[in-house]
file coords-v6.csv (CSV, C-alpha atoms and all ligand atoms)
chain,number,residue,atom,x,y,z
A,1,MET,CA,66.2,61.7,52.9
A,2,LYS,CA,69.6,63.2,53.6
A,3,TYR,CA,70.4,66.3,55.7
A,4,LYS,CA,73.5,68.4,56.7
A,5,ALA,CA,74.5,69.0,60.3
A,6,LEU,CA,77.4,70.8,62.0
A,7,VAL,CA,79.3,68.3,64.0
A,8,LYS,CA,81.9,68.9,66.7
A,9,ASN,CA,84.2,65.9,66.2
A,10,SER,CA,86.2,66.0,69.4
A,11,ALA,CA,87.0,68.3,72.4
A,12,ALA,CA,89.8,69.9,70.3
A,13,LYS,CA,89.5,73.6,69.4
A,14,HIS,CA,87.5,74.4,66.2
A,15,ASP,CA,87.2,70.7,65.3
A,16,VAL,CA,83.9,71.1,63.5
A,17,LYS,CA,82.7,70.1,60.1
A,18,PHE,CA,79.5,69.6,58.1
A,19,VAL,CA,78.4,66.0,58.0
A,20,GLU,CA,75.6,64.5,55.8
A,21,TYR,CA,73.3,62.1,57.6
A,22,GLU,CA,70.4,59.9,56.5
A,23,VAL,CA,67.1,60.5,58.4
A,24,PRO,CA,66.6,57.4,60.5
A,25,GLU,CA,63.2,55.7,60.8
A,26,LEU,CA,61.2,57.6,63.5
A,27,LYS,CA,60.3,55.7,66.6
A,28,ASP,CA,56.8,55.9,68.1
A,29,ASN,CA,57.8,58.7,70.5
A,30,GLU,CA,59.8,60.7,68.0
A,31,CYS,CA,59.1,63.5,65.5
A,32,LEU,CA,61.2,65.1,62.7
A,33,ILE,CA,61.8,68.8,62.8
A,34,ARG,CA,62.8,71.0,59.9
A,35,VAL,CA,65.0,73.5,61.7
A,36,LYS,CA,64.4,77.1,61.0
A,37,ALA,CA,66.8,78.8,63.4
A,38,VAL,CA,69.3,78.0,66.2
A,39,GLY,CA,70.7,80.3,68.8
A,40,ILE,CA,74.4,80.1,69.7
A,41,CYS,CA,74.8,79.6,73.4
A,42,GLY,CA,77.9,80.3,75.6
A,43,SER,CA,78.2,76.5,76.0
A,44,ASP,CA,78.4,76.1,72.2
A,45,LEU,CA,81.2,78.6,72.2
A,46,HIS,CA,83.1,76.8,74.9
A,47,MET,CA,82.8,73.5,73.0
A,48,TYR,CA,83.6,75.2,69.6
A,49,ASP,CA,86.7,76.9,71.1
A,50,GLY,CA,87.9,73.8,72.9
A,51,HIS,CA,87.6,75.3,76.5
A,52,GLY,CA,87.9,73.0,79.5
A,53,GLY,CA,85.0,71.9,81.6
A,54,TYR,CA,83.1,70.1,78.8
A,55,ASP,CA,84.6,66.6,79.1
A,56,TRP,CA,81.0,65.3,80.0
A,57,VAL,CA,79.6,65.9,76.5
A,58,THR,CA,79.4,63.1,73.9
A,59,TYR,CA,81.6,63.7,70.8
A,60,PRO,CA,81.2,63.5,67.9
A,61,LEU,CA,78.2,65.8,68.6
A,62,VAL,CA,75.8,67.9,66.5
A,63,LEU,CA,75.8,71.2,68.3
A,64,GLY,CA,72.9,73.4,69.2
A,65,HIS,CA,70.2,73.3,71.9
A,66,GLU,CA,68.4,76.6,71.2
A,67,VAL,CA,66.2,75.4,68.4
A,68,VAL,CA,63.1,76.5,66.6
A,69,GLY,CA,61.6,74.5,63.7
A,70,GLU,CA,58.5,72.9,62.2
A,71,VAL,CA,57.4,69.4,62.8
A,72,ILE,CA,57.3,67.7,59.4
A,73,ALA,CA,56.9,64.0,60.4
A,74,VAL,CA,55.8,62.0,63.4
A,75,GLY,CA,56.7,58.4,64.2
A,76,ASN,CA,53.2,57.5,65.5
A,77,HIS,CA,50.0,58.2,63.6
A,78,ASN,CA,48.4,59.1,66.9
A,79,ALA,CA,50.6,62.2,67.1
A,80,THR,CA,49.6,63.8,63.8
A,81,GLU,CA,48.2,66.8,65.8
A,82,TYR,CA,51.8,68.0,66.0
A,83,LEU,CA,52.4,68.0,62.2
A,84,SER,CA,53.2,71.5,60.8
A,85,LYS,CA,53.4,73.0,64.3
A,86,ARG,CA,56.1,75.6,64.9
A,87,VAL,CA,58.0,74.4,68.0
A,88,VAL,CA,61.0,74.9,70.2
A,89,ILE,CA,63.0,72.1,71.7
A,90,ASP,CA,63.4,71.5,75.5
A,91,PRO,CA,67.0,70.1,75.6
A,92,TYR,CA,66.4,68.3,78.9
A,93,LYS,CA,65.2,64.8,79.5
A,94,SER,CA,64.6,64.6,83.2
A,95,CYS,CA,63.4,61.3,84.8
A,96,GLY,CA,60.0,62.6,85.7
A,97,GLN,CA,59.8,60.5,88.8
A,98,CYS,CA,62.3,61.8,91.4
A,99,ASP,CA,61.3,64.2,94.1
A,100,PHE,CA,62.7,67.1,92.2
A,101,CYS,CA,60.9,66.2,89.0
A,102,LEU,CA,57.6,65.8,90.9
A,103,ARG,CA,58.0,69.3,92.3
A,104,GLY,CA,58.7,70.7,88.8
A,105,GLU,CA,62.4,71.3,89.7
A,106,THR,CA,63.5,69.5,86.5
A,107,ASN,CA,66.8,71.3,86.4
A,108,ARG,CA,67.8,69.5,89.6
A,109,CYS,CA,67.2,65.9,88.4
A,110,ASP,CA,70.1,63.5,88.8
A,111,PHE,CA,68.0,60.4,88.3
A,112,ASN,CA,67.6,59.9,92.0
A,113,GLU,CA,71.4,59.9,92.7
A,114,PHE,CA,72.8,62.2,95.3
A,115,ARG,CA,76.0,63.9,94.3
A,116,THR,CA,78.4,65.7,96.6
A,117,VAL,CA,79.9,67.4,93.6
A,118,LYS,CA,77.2,69.1,91.6
A,119,THR,CA,78.1,68.2,88.0
A,120,PRO,CA,76.1,69.2,84.8
A,121,ILE,CA,72.9,67.2,85.2
A,122,GLU,CA,72.4,64.0,83.3
A,123,ALA,CA,69.1,65.2,82.0
A,124,LEU,CA,70.8,67.8,79.7
A,125,ARG,CA,70.6,65.9,76.4
A,126,TYR,CA,70.1,67.6,73.0
A,127,GLY,CA,73.2,69.4,71.8
A,128,PHE,CA,75.3,67.9,74.7
A,129,ARG,CA,74.8,64.2,74.9
A,130,GLU,CA,72.5,63.7,71.8
A,131,ALA,CA,72.4,65.3,68.4
A,132,GLY,CA,71.4,68.9,68.6
A,133,GLY,CA,69.8,71.3,66.2
A,134,MET,CA,72.6,72.9,64.2
A,135,ALA,CA,71.3,70.9,61.3
A,136,GLN,CA,68.7,71.1,58.6
A,137,LEU,CA,66.7,68.4,60.3
A,138,MET,CA,66.5,67.1,63.8
A,139,VAL,CA,64.9,64.0,65.4
A,140,VAL,CA,63.3,64.9,68.7
A,141,ASP,CA,61.2,63.1,71.3
A,142,ILE,CA,57.7,64.4,71.2
A,143,LYS,CA,57.9,65.1,74.9
A,144,ASN,CA,60.6,67.6,74.2
A,145,ILE,CA,58.8,69.9,71.7
A,146,ILE,CA,56.9,72.9,72.9
A,147,PRO,CA,54.5,74.6,70.3
A,148,ILE,CA,54.9,78.4,70.1
A,149,ASP,CA,52.6,81.3,69.6
A,150,GLN,CA,52.5,82.9,66.1
A,151,ASN,CA,53.4,86.2,67.7
A,152,VAL,CA,56.8,84.8,68.7
A,153,SER,CA,59.3,85.3,65.8
A,154,ASP,CA,61.7,82.6,64.7
A,155,GLY,CA,64.5,84.8,65.9
A,156,VAL,CA,63.1,85.2,69.4
A,157,ALA,CA,62.1,81.5,69.5
A,158,ALA,CA,65.7,80.7,68.7
A,159,ILE,CA,67.0,82.6,71.7
A,160,SER,CA,64.1,81.6,74.0
A,161,GLU,CA,66.0,78.7,75.7
A,162,ALA,CA,68.6,81.2,76.8
A,163,LEU,CA,65.9,83.6,77.8
A,164,ALA,CA,64.5,80.8,80.0
A,165,VAL,CA,67.9,80.6,81.7
A,166,SER,CA,67.6,84.4,82.5
A,167,TYR,CA,64.0,84.0,83.5
A,168,THR,CA,64.8,81.1,85.9
A,169,ALA,CA,67.4,83.4,87.6
A,170,VAL,CA,65.0,86.3,87.8
A,171,LYS,CA,62.4,84.2,89.4
A,172,LYS,CA,64.7,83.5,92.3
A,173,VAL,CA,64.0,87.0,93.4
A,174,GLU,CA,60.6,87.4,95.0
A,175,HIS,CA,58.6,90.4,93.7
A,176,PHE,CA,61.3,91.0,91.1
A,177,HIS,CA,59.2,93.5,89.2
A,178,SER,CA,59.3,96.1,92.0
A,179,LYS,CA,62.8,95.7,93.5
A,180,ARG,CA,66.0,97.7,92.9
A,181,ILE,CA,68.2,95.2,91.0
A,182,LEU,CA,71.7,95.3,89.7
A,183,VAL,CA,72.6,92.9,86.8
A,184,VAL,CA,76.3,92.1,86.6
A,185,GLY,CA,77.6,91.1,83.2
A,186,PRO,CA,75.9,92.3,80.0
A,187,GLY,CA,76.5,89.1,78.0
A,188,PRO,CA,73.5,87.3,76.4
A,189,ILE,CA,72.2,85.9,79.8
A,190,GLY,CA,72.7,89.2,81.6
A,191,LEU,CA,70.9,91.1,78.8
A,192,GLY,CA,68.1,88.5,79.0
A,193,VAL,CA,67.8,89.1,82.7
A,194,ALA,CA,67.6,92.8,82.0
A,195,ALA,CA,65.0,92.3,79.3
A,196,VAL,CA,62.8,90.0,81.5
A,197,LEU,CA,62.9,92.6,84.3
A,198,ILE,CA,62.2,95.6,82.0
A,199,GLY,CA,59.4,93.7,80.4
A,200,SER,CA,57.8,93.0,83.8
A,201,GLY,CA,57.6,96.7,84.3
A,202,ASN,CA,60.6,97.1,86.7
A,203,LYS,CA,62.1,100.6,86.2
A,204,GLN,CA,64.9,100.2,88.8
A,205,VAL,CA,67.3,98.0,87.0
A,206,ASP,CA,71.0,98.9,86.6
A,207,MET,CA,73.7,97.0,84.6
A,208,LEU,CA,77.3,96.6,85.5
A,209,GLY,CA,79.9,95.7,82.9
A,210,THR,CA,83.6,96.5,82.2
A,211,ALA,CA,85.4,98.7,79.7
A,212,VAL,CA,85.2,96.0,77.0
A,213,ASP,CA,81.4,96.0,77.3
A,214,GLU,CA,80.7,99.4,76.0
A,215,ASN,CA,78.5,98.3,73.1
A,216,ARG,CA,76.7,95.8,75.3
A,217,LEU,CA,76.0,98.5,77.9
A,218,LYS,CA,74.6,100.7,75.1
A,219,LEU,CA,72.2,97.9,74.2
A,220,SER,CA,71.2,97.6,77.9
A,221,LYS,CA,70.2,101.3,77.7
A,222,LEU,CA,68.3,100.6,74.5
A,223,ILE,CA,66.2,97.9,76.1
A,224,GLY,CA,65.3,100.2,79.0
A,225,ILE,CA,68.0,99.8,81.7
A,226,LYS,CA,68.1,103.0,83.9
A,227,SER,CA,71.8,103.3,84.5
A,228,THR,CA,74.9,101.4,83.3
A,229,PHE,CA,78.2,101.3,85.1
A,230,MET,CA,81.7,100.1,84.4
A,231,SER,CA,82.9,99.8,88.0
A,232,GLU,CA,81.8,99.5,91.6
A,233,GLU,CA,83.3,102.9,92.4
A,234,GLU,CA,81.0,104.5,89.7
A,235,ILE,CA,78.0,102.9,91.4
A,236,LEU,CA,79.0,104.2,94.9
A,237,SER,CA,79.8,107.7,93.6
A,238,LYS,CA,76.2,108.5,93.0
A,239,ASP,CA,73.6,109.1,95.7
A,240,PHE,CA,73.6,105.3,96.2
A,241,LYS,CA,71.0,103.7,98.5
A,242,GLY,CA,71.8,100.0,97.9
A,243,TYR,CA,70.2,97.2,95.9
A,244,ASP,CA,67.6,94.7,96.9
A,245,ALA,CA,69.1,92.1,94.7
A,246,ILE,CA,72.1,91.5,92.5
A,247,ILE,CA,72.0,89.0,89.7
A,248,ASP,CA,75.4,87.9,88.6
A,249,CYS,CA,75.8,86.7,85.0
A,250,SER,CA,79.5,87.3,84.8
A,251,GLY,CA,80.8,84.4,86.9
A,252,HIS,CA,83.6,86.7,88.1
A,253,PRO,CA,84.9,85.6,91.5
A,254,SER,CA,85.1,89.2,92.7
A,255,VAL,CA,81.3,89.6,92.5
A,256,PRO,CA,80.2,88.0,95.8
A,257,GLN,CA,82.4,90.3,97.9
A,258,MET,CA,81.3,93.3,95.9
A,259,ALA,CA,77.7,92.2,96.3
A,260,VAL,CA,77.7,92.2,100.1
A,261,ARG,CA,78.9,95.8,99.9
A,262,LEU,CA,76.3,96.9,97.4
A,263,LEU,CA,73.3,95.0,98.8
A,264,LYS,CA,70.9,96.5,101.3
A,265,ARG,CA,70.4,94.5,104.5
A,266,GLY,CA,68.3,91.5,103.7
A,267,GLY,CA,69.5,91.7,100.1
A,268,GLN,CA,69.9,88.7,97.8
A,269,LEU,CA,72.7,87.7,95.5
A,270,VAL,CA,71.8,85.3,92.7
A,271,LEU,CA,74.6,83.6,90.9
A,272,VAL,CA,74.0,82.5,87.3
A,273,GLY,CA,77.5,82.9,85.8
A,274,ILE,CA,79.5,79.7,86.3
A,275,ASN,CA,83.0,79.5,87.7
A,276,SER,CA,84.6,76.7,89.5
A,277,VAL,CA,86.9,78.9,91.6
A,278,PRO,CA,86.1,79.4,95.3
A,279,PHE,CA,85.3,82.8,96.8
A,280,SER,CA,85.3,84.0,100.4
A,281,ILE,CA,83.1,86.4,102.2
A,282,ALA,CA,83.3,87.7,105.8
A,283,MET,CA,80.7,85.7,107.7
A,284,ASP,CA,79.7,88.7,109.8
A,285,GLN,CA,78.6,90.5,106.7
A,286,ILE,CA,76.3,87.7,105.7
A,287,VAL,CA,74.9,87.5,109.3
A,288,ARG,CA,74.6,91.2,110.1
A,289,GLY,CA,73.4,92.0,106.6
A,290,GLU,CA,71.1,89.0,106.5
A,291,ILE,CA,72.4,88.5,103.0
A,292,SER,CA,71.3,85.4,101.1
A,293,ILE,CA,73.1,83.8,98.1
A,294,ASP,CA,71.2,81.6,95.6
A,295,GLY,CA,72.5,79.7,92.7
A,296,SER,CA,70.4,79.4,89.5
A,297,TYR,CA,71.1,76.6,87.1
A,298,GLY,CA,69.7,76.0,83.7
A,299,ILE,CA,65.9,76.0,83.1
A,300,THR,CA,62.9,74.1,84.2
A,301,ARG,CA,60.2,73.1,81.7
A,302,ARG,CA,57.7,75.3,83.5
A,303,ASN,CA,59.9,78.4,83.2
A,304,TYR,CA,60.6,77.6,79.6
A,305,GLU,CA,56.8,77.5,78.9
A,306,GLU,CA,56.3,80.7,80.9
A,307,VAL,CA,59.0,82.7,79.1
A,308,LEU,CA,57.6,81.6,75.7
A,309,LYS,CA,54.3,83.2,76.9
A,310,LEU,CA,56.1,86.4,77.8
A,311,ALA,CA,57.8,86.4,74.4
A,312,ALA,CA,54.4,86.9,72.8
A,313,ILE,CA,53.8,90.1,74.8
A,314,PRO,CA,55.2,93.3,73.1
A,315,SER,CA,56.5,94.9,76.3
A,316,TYR,CA,59.3,92.3,76.5
A,317,PRO,CA,62.2,93.6,74.4
A,318,PHE,CA,63.5,90.2,73.4
A,319,GLU,CA,63.8,91.0,69.6
A,320,LYS,CA,66.4,93.6,70.4
A,321,LEU,CA,68.6,91.0,72.0
A,322,ILE,CA,69.3,89.4,68.6
A,323,ALA,CA,72.7,90.8,67.5
A,324,GLU,CA,73.0,89.1,64.2
A,325,LYS,CA,71.6,86.4,62.0
A,326,VAL,CA,74.1,84.3,60.0
A,327,PRO,CA,73.2,81.6,57.5
A,328,PHE,CA,73.8,77.9,58.4
A,329,THR,CA,76.5,77.6,55.8
A,330,GLN,CA,78.5,80.2,57.7
A,331,CYS,CA,78.1,78.8,61.2
A,332,THR,CA,81.7,79.2,62.1
A,333,LYS,CA,81.5,83.0,61.3
A,334,GLY,CA,78.7,83.1,63.7
A,335,PHE,CA,80.8,81.4,66.4
A,336,GLU,CA,83.6,83.9,65.8
A,337,LYS,CA,81.3,86.8,66.1
A,338,ALA,CA,79.8,85.5,69.3
A,339,LEU,CA,83.3,84.9,70.7
A,340,ASN,CA,84.2,88.5,69.9
A,341,LYS,CA,81.5,89.6,72.3
A,342,VAL,CA,78.9,91.1,69.9
A,343,SER,CA,76.0,92.8,71.7
A,344,GLY,CA,73.3,90.1,72.2
A,345,LYS,CA,72.8,86.8,70.7
A,346,VAL,CA,73.9,85.3,67.4
A,347,VAL,CA,71.3,83.3,65.6
A,348,ILE,CA,71.9,80.8,62.8
A,349,THR,CA,69.2,80.7,60.2
A,350,MET,CA,68.6,77.7,57.9
B,1,ZN,ZN,72.5,77.2,76.5
B,2,ZN,ZN,64.0,63.4,88.1
call {"tool": "encode", "arguments": {"input": "coords-v6.csv", "output": "structure tokens", "more": "lines below"}}
Ligand SMILES: [Zn+2]
Ligand SMILES: [Zn+2]
result
Amino acid sequence: MKYKALVKNSAAKHDVKFVEYEVPELKDNECLIRVKAVGICGSDLHMYDGHGGYDWVTYPLVLGHEVVGEVIAVGNHNATEYLSKRVVIDPYKSCGQCDFCLRGETNRCDFNEFRTVKTPIEALRYGFREAGGMAQLMVVDIKNIIPIDQNVSDGVAAISEALAVSYTAVKKVEHFHSKRILVVGPGPIGLGVAAVLIGSGNKQVDMLGTAVDENRLKLSKLIGIKSTFMSEEEILSKDFKGYDAIIDCSGHPSVPQMAVRLLKRGGQLVLVGINSVPFSIAMDQIVRGEISIDGSYGITRRNYEEVLKLAAIPSYPFEKLIAEKVPFTQCTKGFEKALNKVSGKVVITM
């Protein structure tokens, strides 16, 4: 049996093409997925557009790690229970044995190696170091499939891995459902953070964007955000009493300094947006303000499973985060749309 896949050939800009593959014989631990939909992630866009910082991925590469599909074959006859199940893919293959893995902190697994420089973790496989799901078919380790509830649509399932990134960040904030929170950056991850908070019943969530984010800020309002802003001054001009937490999904280096001004004493800044440039903050502000800063990286298996449960609950406005669906044959159009900052996620349908 043959199938088509979208392959990024090298690190060069737009170096993608459709390639036809033969389905390999499945190993005992593997299953074959008929892909139904794939979300386009920011990292896919960086790879597609040839941005720096992705020299660690393995080219040529079938892109796509936000995958929903149906199991159509299994390598081992003892695994037939998975046949015809609708599933999403966990793109991580952590070691399962290190202290982090044993604690469920699978997004910290470096296969027991300590690293002074925190690089993208080795465990990140499908769509980065192994063939991903922008393909009609995908071979996946059975350990990496998660069956999904029938109430979760294919579209929401296709963005659920990204939602898990947002959810992982939100969970860094204790009692997040009742705190006054500012989300910075209304891109897909920021909108996901907002949607998780709104779904949890939090009515004190604001969103900060810039002038280019007008439509994304409108979408924020649509999913239930109380106030949206385009500058720090605008936030301070109201009867402002400070935030308990700020979740930055923009990666802009000005955010940490702004955050210490906008946070209440004891407040918390969570950084999700990635940027390799340093920032500086006056130490006395951290000390006197008892401000804490947390990084949030990727997802854990547990958080992925939890967010999939949330996705089946109607109060979570995840469906609204799907900006557009494009057919597989027009993948590159989808990439261009996502690069042009549509509001929400672009999903490729098979
Ligand atoms: Zn991603
Ligand atoms: Zn591990």
call {"tool": "closest_residue", "arguments": {"input": "coords-v6.csv", "among": "A:Ala131, A:Cys41, A:Val156, A:Val88", "to": "ligand ZN 1 (chain B)", "atoms": "all atoms listed in the file"}}
result
A:Cys41
call {"tool": "residues_around", "arguments": {"input": "coords-v6.csv", "residues": "Val62 of chain A", "least_positions_apart": "4", "cutoff": "6 Å", "atoms": "all atoms listed in the file", "output": "ChimeraX atom specification"}}
result
/A:6-7,131-132
call {"tool": "residues_near_ligand", "arguments": {"input": "coords-v6.csv", "ligand": "ligand ZN 1 (chain B)", "cutoff": "9 Å", "atoms": "all atoms listed in the file", "output": "list in words"}}
result
Gly39, Ile40, Cys41, Gly42, Ser43, Asp44, Gly64, His65, Glu66, Glu161, Ala162, Val165 and Gly298 of chain A
call {"tool": "closest_residue", "arguments": {"input": "coords-v6.csv", "among": "A:Cys98, A:Ala73, A:Val16, A:Val68", "to": "ligand ZN 2 (chain B)", "atoms": "all atoms listed in the file"}}
result
A:Cys98
call {"tool": "residues_near_ligand", "arguments": {"input": "coords-v6.csv", "ligand": "ligand ZN 2 (chain B)", "cutoff": "6 Å", "atoms": "all atoms listed in the file", "output": "PyMOL selection string"}}
result
chain A and resi 94-98+100-101+109+111
call {"tool": "residues_around", "arguments": {"input": "coords-v6.csv", "residues": "Tyr54 of chain A", "least_positions_apart": "5", "cutoff": "12 Å", "atoms": "only C-alpha atoms", "output": "list of chain:residue names"}}
result
A:Ser10, A:Ala11, A:Ala12, A:Lys13, A:Gly42, A:Ser43, A:Asp44, A:Leu45, A:His46, A:Met47, A:Tyr48, A:Asp49, A:Tyr59, A:Thr119, A:Pro120, A:Phe128, A:Arg129
call {"tool": "closest_residue", "arguments": {"input": "coords-v6.csv", "among": "A:Ser237, A:Thr168, A:Gln136, A:Thr116", "to": "Thr349 of chain A", "atoms": "only C-alpha atoms"}}
result
A:Gln136
call {"tool": "closest_residue", "arguments": {"input": "coords-v6.csv", "among": "A:Ser292, A:Asp248, A:Pro278, A:Ala123", "to": "Arg265 of chain A", "atoms": "only C-alpha atoms"}}
result
A:Ser292
call {"tool": "closest_residue", "arguments": {"input": "coords-v6.csv", "among": "A:Lys320, A:Arg125, A:Lys8, A:Lys337", "to": "Ala195 of chain A", "atoms": "all atoms listed in the file"}}
result
A:Lys320
call {"tool": "atom_distance", "arguments": {"input": "coords-v6.csv", "atom1": "atom CA of Gly289 of chain A", "atom2": "atom CA of Gly266 of chain A"}}
result
5.9 Å
call {"tool": "atom_distance", "arguments": {"input": "coords-v6.csv", "atom1": "atom CA of Gly242 of chain A", "atom2": "atom CA of Arg180 of chain A"}}
result
8.0 Å
call {"tool": "closest_residue", "arguments": {"input": "coords-v6.csv", "among": "A:Met230, A:Val255, A:Ala164, A:Val67", "to": "Val38 of chain A", "atoms": "all atoms listed in the file"}}
result
A:Val67
call {"tool": "closest_atom_pairs", "arguments": {"input": "coords-v6.csv", "of": "segment 248-340 of chain A", "to": "segment 210-226 of chain A", "cutoff": "10 Å", "atoms": "all atoms listed in the file", "output": "Markdown table"}}
result
| residue | atom | partner | partner_atom | distance |
| --- | --- | --- | --- | --- |
| A:Tyr316 | CA | A:Ile223 | CA | 8.9 |
| A:Pro317 | CA | A:Ile223 | CA | 6.1 |
| A:Phe318 | CA | A:Ile223 | CA | 8.6 |
| A:Glu319 | CA | A:Ile223 | CA | 9.8 |
| A:Lys320 | CA | A:Ile223 | CA | 7.1 |
| A:Leu321 | CA | A:Leu219 | CA | 8.1 |
| A:Ala323 | CA | A:Leu219 | CA | 9.8 |
call {"tool": "atom_distance", "arguments": {"input": "coords-v6.csv", "atom1": "atom CA of Gly104 of chain A", "atom2": "atom CA of Lys172 of chain A"}}
result
14.6 Å
call {"tool": "residues_around", "arguments": {"input": "coords-v6.csv", "residues": "Ile348 of chain A", "least_positions_apart": "4", "cutoff": "9 Å", "atoms": "only C-alpha atoms", "output": "list of chain:residue names"}}
result
A:Lys36, A:Ala37, A:Val38, A:Gly39, A:Ile40, A:Met134, A:Gly155, A:Ala158, A:Glu324, A:Lys325, A:Val326, A:Pro327, A:Phe328, A:Thr329, A:Gln330, A:Cys331, A:Gly334
call {"tool": "write_last_selection", "arguments": {"input": "coords-v6.csv", "atoms": "C-alpha atoms", "output": "short mmCIF file (atom, residue, chain, number, x, y, z; two decimals), keeping the file's coordinate frame"}}
result
data_model
loop_
_atom_site.label_atom_id
_atom_site.label_comp_id
_atom_site.auth_asym_id
_atom_site.auth_seq_id
_atom_site.Cartn_x
_atom_site.Cartn_y
_atom_site.Cartn_z
CA LYS A 36 64.40 77.10 61.00
CA ALA A 37 66.80 78.80 63.40
CA VAL A 38 69.30 78.00 66.20
CA GLY A 39 70.70 80.30 68.80
CA ILE A 40 74.40 80.10 69.70
CA MET A 134 72.60 72.90 64.20
CA GLY A 155 64.50 84.80 65.90
CA ALA A 158 65.70 80.70 68.70
CA GLU A 324 73.00 89.10 64.20
CA LYS A 325 71.60 86.40 62.00
CA VAL A 326 74.10 84.30 60.00
CA PRO A 327 73.20 81.60 57.50
CA PHE A 328 73.80 77.90 58.40
CA THR A 329 76.50 77.60 55.80
CA GLN A 330 78.50 80.20 57.70
CA CYS A 331 78.10 78.80 61.20
CA GLY A 334 78.70 83.10 63.70
#
call {"tool": "residues_around", "arguments": {"input": "coords-v6.csv", "residues": "Ala282 of chain A", "least_positions_apart": "5", "cutoff": "12 Å", "atoms": "all atoms listed in the file", "output": "list in words"}}
result
Pro256, Gln257, Met258, Ala259, Val260, Arg261, Val287, Arg288, Gly289 and Ile291 of chain A
call {"tool": "residues_around", "arguments": {"input": "coords-v6.csv", "residues": "Lys238 of chain A", "least_positions_apart": "5", "cutoff": "12 Å", "atoms": "only C-alpha atoms", "output": "VMD selection string"}}
result
chain A and resid 227 229 232 to 233
call {"tool": "write_last_selection", "arguments": {"input": "coords-v6.csv", "atoms": "C-alpha atoms", "output": "PDB file, in the coordinates of the input"}}
result
ATOM      1  CA  SER A 227      71.800 103.300  84.500  1.00  0.00           C
ATOM      2  CA  PHE A 229      78.200 101.300  85.100  1.00  0.00           C
ATOM      3  CA  GLU A 232      81.800  99.500  91.600  1.00  0.00           C
ATOM      4  CA  GLU A 233      83.300 102.900  92.400  1.00  0.00           C
TER       5      GLU A 233
END
call {"tool": "build_atoms", "arguments": {"input": "coords-v6.csv", "residues": "segment 330-334 of chain A", "atoms": "all heavy atoms", "output": "PDB file, keeping the file's coordinate frame"}}
result
ATOM      1  N   GLN A 330      77.424  79.423  57.088  1.00  0.00           N
ATOM      2  CA  GLN A 330      78.500  80.200  57.700  1.00  0.00           C
ATOM      3  C   GLN A 330      78.534  80.176  59.182  1.00  0.00           C
ATOM      4  O   GLN A 330      78.944  81.136  59.842  1.00  0.00           O
ATOM      5  CB  GLN A 330      78.410  81.665  57.165  1.00  0.00           C
ATOM      6  CG  GLN A 330      78.677  81.790  55.681  1.00  0.00           C
ATOM      7  CD  GLN A 330      78.282  83.143  55.131  1.00  0.00           C
ATOM      8  OE1 GLN A 330      78.349  84.155  55.829  1.00  0.00           O
ATOM      9  NE2 GLN A 330      77.853  83.166  53.887  1.00  0.00           N
ATOM     10  N   CYS A 331      78.096  79.036  59.709  1.00  0.00           N
ATOM     11  CA  CYS A 331      78.100  78.800  61.200  1.00  0.00           C
ATOM     12  C   CYS A 331      79.294  79.327  61.897  1.00  0.00           C
ATOM     13  O   CYS A 331      79.203  80.025  62.899  1.00  0.00           O
ATOM     14  CB  CYS A 331      78.012  77.314  61.455  1.00  0.00           C
ATOM     15  SG  CYS A 331      76.396  76.612  61.436  1.00  0.00           S
ATOM     16  N   THR A 332      80.460  78.937  61.365  1.00  0.00           N
ATOM     17  CA  THR A 332      81.700  79.200  62.100  1.00  0.00           C
ATOM     18  C   THR A 332      81.910  80.749  62.198  1.00  0.00           C
ATOM     19  O   THR A 332      82.439  81.239  63.186  1.00  0.00           O
ATOM     20  CB  THR A 332      82.918  78.562  61.461  1.00  0.00           C
ATOM     21  OG1 THR A 332      82.930  78.866  60.074  1.00  0.00           O
ATOM     22  CG2 THR A 332      82.860  77.060  61.642  1.00  0.00           C
ATOM     23  N   LYS A 333      81.460  81.486  61.170  1.00  0.00           N
ATOM     24  CA  LYS A 333      81.500  83.000  61.300  1.00  0.00           C
ATOM     25  C   LYS A 333      80.682  83.437  62.436  1.00  0.00           C
ATOM     26  O   LYS A 333      81.062  84.355  63.161  1.00  0.00           O
ATOM     27  CB  LYS A 333      80.970  83.579  59.965  1.00  0.00           C
ATOM     28  CG  LYS A 333      82.037  83.967  58.988  1.00  0.00           C
ATOM     29  CD  LYS A 333      81.463  84.876  57.907  1.00  0.00           C
ATOM     30  CE  LYS A 333      82.421  84.900  56.724  1.00  0.00           C
ATOM     31  NZ  LYS A 333      81.733  85.151  55.461  1.00  0.00           N
ATOM     32  N   GLY A 334      79.531  82.810  62.594  1.00  0.00           N
ATOM     33  CA  GLY A 334      78.700  83.100  63.700  1.00  0.00           C
ATOM     34  C   GLY A 334      79.338  82.885  65.047  1.00  0.00           C
ATOM     35  O   GLY A 334      79.264  83.695  65.970  1.00  0.00           O
TER      36      GLY A 334
END
